[in-house]
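To start, the structure itself, in structure tokens.
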Amino acid sequence: MTKSVPISFEFFPPNTPVGDDKLKLVVQELVALKPEFFSVTYGAGGATREKTLKTVQAIAAAGFEAAPHLSCIGSTREGIAAVLATYRAQAIRRIVALRGDLPSGTAVAGEFRYAAELVRFVRETQGGDWQIEVAAYPEYHPGQRYAARDLQHYVDKVRAGADSAITQFFFNPEA
């Protein structure tokens, strides 16, 4: 008997009421594939923070598990703590912890350089009652020159307290 691999689906927060309605329909259609959860992106520097929360709330209200992305680059510990407090108040306990990209036109990295630092911060300040997903790469991160270094970043995230990892099947179709 083969063991099935859990899947999840990722959404960008809708920008319009029409997008909100379409998201509800798509979630209902994708439920047939039995995803473990739905994740919702978080713009660079938290640009879509409120839209991410609204989208996660809508998915949860429909009875499905939702995990907001949480990008740490360009963020402060205080800001991340505030976002986590908001999620906690909404009974959201699963996040996708990412380094993320610097917002366009920004040169300041913030208080976190890597996703492992974010995972460690969540574990140290919030305890163990969060399901923390991190990114993994089937080949290696497109911005990384060395596969060994990319693997070390993954190991660092696991040692910091990540529960599991998500990935795309591939980035390079030829691979």
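Going through the structure tokens in order, the chains are called A, B, and so on, while each chain numbers its residues from 1 and the ligands are numbered from 1 in the order shown.
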*asked:* Please return, as a PyMOL selection string, all residues of segment 22-97 of chain A that DSSP assigns to helix (DSSP H, G or I) on the basis of the backbone.
replied: chain A and resi 22-33+44-46+49-61+77-89
Residues within 6 Å of segment 153-165 of chain A, only C-alpha atoms, excluding chain neighbours under 6 positions, as a PDB file with C-alpha atoms, in the first residue's frame:
ATOM      1  CA  ALA A 116      15.217  29.822  10.788  1.00  0.00           C
ATOM      2  CA  VAL A 119      10.959  29.879  13.475  1.00  0.00           C
ATOM      3  CA  ARG A 120      13.209  30.156  16.532  1.00  0.00           C
ATOM      4  CA  ILE A 132       5.090  25.756  11.640  1.00  0.00           C
ATOM      5  CA  GLU A 133       5.568  24.967   7.972  1.00  0.00           C
ATOM      6  CA  VAL A 134       8.755  26.086   6.228  1.00  0.00           C
ATOM      7  CA  ALA A 135       9.865  26.106   2.613  1.00  0.00           C
ATOM      8  CA  ALA A 136      11.937  23.318   1.109  1.00  0.00           C
TER       9      ALA A 136
END
Coordinates-based distance that separates atom CA of Ala58 of chain A from atom CA of Ala115 of chain A (Å, one decimal)
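Separating atom CA of Ala115 of chain A from atom CA of Ala58 of chain A is a distance of 26.4 Å.
For the choices A:Leu118, A:Ile7, A:Ala62, A:Lys51, the atom-to-atom distance to Val26 of chain A is smallest for A:Ala62 when using only C-alpha atoms.
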ask   = segment 25-159 of chain A: which residues are strand (DSSP E) by DSSP, as a list in words?
value = Phe37, Phe38, Ser39, Val40, Ala66, Ala67, Pro68, His69, Leu70, Ser71, Arg94, Ile95, Val96, Ala97, Leu98, Gln131, Ile132, Glu133, Val134 and Ala135 of chain A
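For the choices A:Ile80, A:Val96, A:Ile73, A:Leu23, the atom-to-atom distance to Lys54 of chain A is smallest for A:Leu23 when using only C-alpha atoms.
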Note to self: Env of Ile59 of chain A: 12 Å cut, atoms = only C-alpha atoms, seq-sep filter 2 positions within chain, self excluded. Answer as a PyMOL selection string.
What the structure shows: chain A and resi 9-11+13+20-21+23-28+30-31+37-40+52-57+61-68+92
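Picture a line from atom CA of Gly128 of chain A to atom CA of Arg94 of chain A; it runs 11.1 Å.
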